[in-house]
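Notes for the one structure printed next.
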Amino acid sequence: MKPSAQINIKTLWITIFILIVLNVLGTLFFYRFDLTKDKRYTLSETSLQIIKQVKNPLSVKIYMEGDLPADFRRLQQETRQLLEEFQAYNSNIVFEFVNPLENEDESEALTKSLFQKGLTPVNITVDDKGKQSQAMVFPWAIAVYNNKEINIPLLKNRMGASTTQKVIGSIQHLEYSIADAVNKIVKDKQKKVAIIKGNGEMKEIHVAKMLMQIRESYYIGPFTLDSVSKDPNGTLSALKKYDLAIIAKPTETFSDEEKQVLDQFIINGGKTLWLIDQVSADMDSLYNQAGATLAYPRDLNLNDMFFKYGFRINPDLIKDEQGSPIKLATGEQGSATQYQDFIWKFAPLVSPESKHPIVKNLGGIKFDFASPIDTLKNGIKKTVLLQSSPYSKKIGAPFEVNLGIVSEQTSPKDYLNKGNLVLSVLLEGSFHSAFENRVLPFKENSFLVNGKPTKMIVVSDGDIARNQLDKNMEPVELGYDQRSGNLYDNKDFIMNCINYLLDDTGLINIRSKDLDLPLLDKEKVYENYTQAQFITIGLPILVLLVFGIVFTYIRKTRYSK
């Protein structure tokens, strides 16, 4: 045997041996390499922990298949790649992409069933080099596990954003959306949320969407403080069984006994979400012949508690030039009433600036008749979550609120050194009882003065959690404003607050994950369309052609001799 042949055989056996070793090592050790700059395909530790909980087959159907607009093809691709990552870590996760409009005979029944499940389509205007067409897309997925089913929204709706911007924002939240859905459908509920009643809080129909969202992840129940007058210790013992208490826009005064129950719930480590209106005013009272209403301070008898915990909600209203749009009748043309868009300055539209996970990457959040919050020094850690714009100021109550304010002319000088008023604050630490060194309203053997570490979030507007009602008196999506047709991020903010207070911080951290997703400049693409086509299509073909000619020439030259 020739030496060259021996060398080739030896090389072959070495290659086969190396391949076998690599395959064996590959079965023993698992690792995936993410070469993207922002590590977008590297699953967070929270997602990996959630995936490990999937012990039985989990099926995911994604209704984005077929001839999709370019932006949604990108969302489809990112969704596929992310689900492949989930599947790589747990083979129990299976998925398929479905085109709900593929079969004309079946598409009508399928789309109707999707509508009934709350999977509403998005109508997109596709602009292809000046030619516009309409396309209907279902940016949704459905996950099924152990006969339980949950909808997964893949498109995040942001007010005023273009389709491309919405898709980019959706890709930012894609891991959160899928991980959150898997967590809800797989994980058994453990934490309990109490919705405090008995002091004129909002009716259930006005917080229905918030309650439905909470119910997906936590046990939830109404908790009435009326029993405090008869059995305060029993009421406190019952409340201590809950992990979080939500006080949503109370309108009636709290008794000292009720305050002691809430105070000791907090001191014993209970979490609280305060949604407080310190001034009595609402939009419905403005729609009268005068177009005006009187805003006046509301006494809830909570100021001393709040002061002890380290904050104060002032009985003022915030007037903000960065307000929410409102439609008002401006006259009639023939028999039709004419409406015009205005900015309503008593409904601040807040864009979060804080980098805290609760508000990071959130869009606009709508307030109605909010009040400024002052924070006080008392050793409790305080983090401002939301604040008004620099062009805002506080107006003392009582005050007549008039719709005529929409035509008011102002200048930046009117708001000099008055803006950036606090609207929501997070407090963390060990609180001191509001009844420290005071006579207790009722005798309690287990009364504590110094509290266990806990958290609370204060929002100076109860209506931030209020959903509107449609003409059939059915609740619409939380954050959706029927007067303007805009959808705000109120629901995401409220749920982030609840998740954080209940220590589900991992999911929030996924939500605040930053991805570097650059946008194409469509104008430049159109201007250089022919050049781009040549570079992406023509140039590779030309290179292959030149290579083929050169290779053929060399081959003929070498072997023709």
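The way I read the labels, and the way they are meant: chains A, B, ... in the order of the structure tokens, residue 1 as the first residue of every chain, and ligand 1 as the first ligand shown, with later ones counted on from there.
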Just the residues within 6 Å of Asn268 in chain A, please, counting only C-alpha atoms, with nothing from its chain fewer than 3 positions along; format it as a list in words.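 Using only C-alpha atoms, the neighbours found are Gln264, Phe265, Gly451 and Lys452 of chain A.
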Those same residues, written as a PDB file, in the first residue's frame with all heavy atoms?
```
ATOM      1  N   GLN A 264     -52.001  46.433  61.091  1.00  0.00           N
ATOM      2  CA  GLN A 264     -51.368  45.214  61.602  1.00  0.00           C
ATOM      3  C   GLN A 264     -51.174  44.166  60.501  1.00  0.00           C
ATOM      4  O   GLN A 264     -50.270  43.333  60.592  1.00  0.00           O
ATOM      5  CB  GLN A 264     -52.197  44.640  62.751  1.00  0.00           C
ATOM      6  CG  GLN A 264     -52.072  45.444  64.035  1.00  0.00           C
ATOM      7  CD  GLN A 264     -50.624  45.545  64.504  1.00  0.00           C
ATOM      8  OE1 GLN A 264     -50.010  44.549  64.893  1.00  0.00           O
ATOM      9  NE2 GLN A 264     -50.049  46.747  64.465  1.00  0.00           N
ATOM     10  N   PHE A 265     -52.015  44.202  59.485  1.00  0.00           N
ATOM     11  CA  PHE A 265     -51.779  43.350  58.310  1.00  0.00           C
ATOM     12  C   PHE A 265     -50.445  43.721  57.666  1.00  0.00           C
ATOM     13  O   PHE A 265     -49.641  42.846  57.304  1.00  0.00           O
ATOM     14  CB  PHE A 265     -52.933  43.527  57.317  1.00  0.00           C
ATOM     15  CG  PHE A 265     -52.684  42.891  55.972  1.00  0.00           C
ATOM     16  CD1 PHE A 265     -52.737  41.512  55.814  1.00  0.00           C
ATOM     17  CD2 PHE A 265     -52.388  43.674  54.867  1.00  0.00           C
ATOM     18  CE1 PHE A 265     -52.507  40.925  54.583  1.00  0.00           C
ATOM     19  CE2 PHE A 265     -52.147  43.088  53.624  1.00  0.00           C
ATOM     20  CZ  PHE A 265     -52.213  41.711  53.481  1.00  0.00           C
ATOM     21  N   GLY A 451     -42.481  46.401  62.324  1.00  0.00           N
ATOM     22  CA  GLY A 451     -42.989  45.454  61.355  1.00  0.00           C
ATOM     23  C   GLY A 451     -41.942  44.542  60.747  1.00  0.00           C
ATOM     24  O   GLY A 451     -40.737  44.777  60.836  1.00  0.00           O
ATOM     25  N   LYS A 452     -42.431  43.478  60.107  1.00  0.00           N
ATOM     26  CA  LYS A 452     -41.598  42.589  59.313  1.00  0.00           C
ATOM     27  C   LYS A 452     -41.344  43.250  57.950  1.00  0.00           C
ATOM     28  O   LYS A 452     -42.126  44.093  57.518  1.00  0.00           O
ATOM     29  CB  LYS A 452     -42.316  41.248  59.126  1.00  0.00           C
ATOM     30  CG  LYS A 452     -42.661  40.545  60.429  1.00  0.00           C
ATOM     31  CD  LYS A 452     -43.473  39.288  60.165  1.00  0.00           C
ATOM     32  CE  LYS A 452     -43.867  38.615  61.476  1.00  0.00           C
ATOM     33  NZ  LYS A 452     -44.713  37.406  61.253  1.00  0.00           N
TER      34      LYS A 452
END
```
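Summary of the local environment: counting only C-alpha atoms, residues at most 12 Å from Arg73 in chain A, other than itself and those fewer than 6 positions away along its chain, are A:Met64, A:Glu65, A:Gly66, A:Asp67, A:Thr79, A:Arg80, A:Val137, A:Pro139, A:Thr164, A:Val167, A:Ile168, A:Ile171.
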At a cut-off of 9 Å, can you tabulate as CSV every residue of range 351-450 of chain A near range 232-235 of chain A together with its closest atom pair and the distance in Å to one decimal, using only C-alpha atoms and ordering rows by chain then number?
```
residue,atom,partner,partner_atom,distance
A:Phe442,CA,A:Pro232,CA,7.3
A:Lys443,CA,A:Asn233,CA,8.3
A:Glu444,CA,A:Asn233,CA,6.8
```
Restricted to C-alpha atoms, what would the selected residues look like written as an mmCIF file, in the first residue's frame?
```cif
data_model
loop_
_atom_site.group_PDB
_atom_site.id
_atom_site.type_symbol
_atom_site.label_atom_id
_atom_site.label_comp_id
_atom_site.auth_asym_id
_atom_site.auth_seq_id
_atom_site.Cartn_x
_atom_site.Cartn_y
_atom_site.Cartn_z
ATOM 1 C CA PHE A 442 -59.435 47.639 70.030
ATOM 2 C CA LYS A 443 -57.467 45.293 72.286
ATOM 3 C CA GLU A 444 -55.100 42.991 70.402
#
```
I'd like to know which of A:Asn8, A:Asn146, A:Asn183, A:Ser59 is closest to Leu507 in chain A, using only C-alpha atoms.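 So, comparing all the options, the nearest one is A:Asn183.
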Using only C-alpha atoms, which protein or nucleic acid residues come within 10 Å of range 370-377 of chain A? Drop anything in the same chain fewer than 2 positions from it, and give the result as number ranges by chain. A: 276-279, 281, 306-319, 346-348, 366-368, 379-384, 387-388, 393-396, 420-425, 427, 458-464
Select, from A:Thr552, A:Asn103, A:Thr11, A:Thr42, the residue with the minimum atom-to-atom distance to Glu84 in chain A, counting only C-alpha atoms.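 Ranked by minimum distance to Glu84 in chain A, first place goes to A:Thr42.
When the distance limit is 7 Å and only C-alpha atoms are what count, the residues near Leu110 in chain A, minus those fewer than 4 positions from it on the same chain, are Pro100, Glu106 and Leu114 of chain A.
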Counting only C-alpha atoms, the option among A:Gln468, A:Gly270, A:Glu108, A:Leu478 closest to Asp284 in chain A: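 Selected residue with least distance to Asp284 in chain A: A:Gln468.
Nearest to Gln322 in chain A of all the residues A:Ile365, A:Leu286, A:Leu448, A:Leu22 is A:Ile365, counting only C-alpha atoms.
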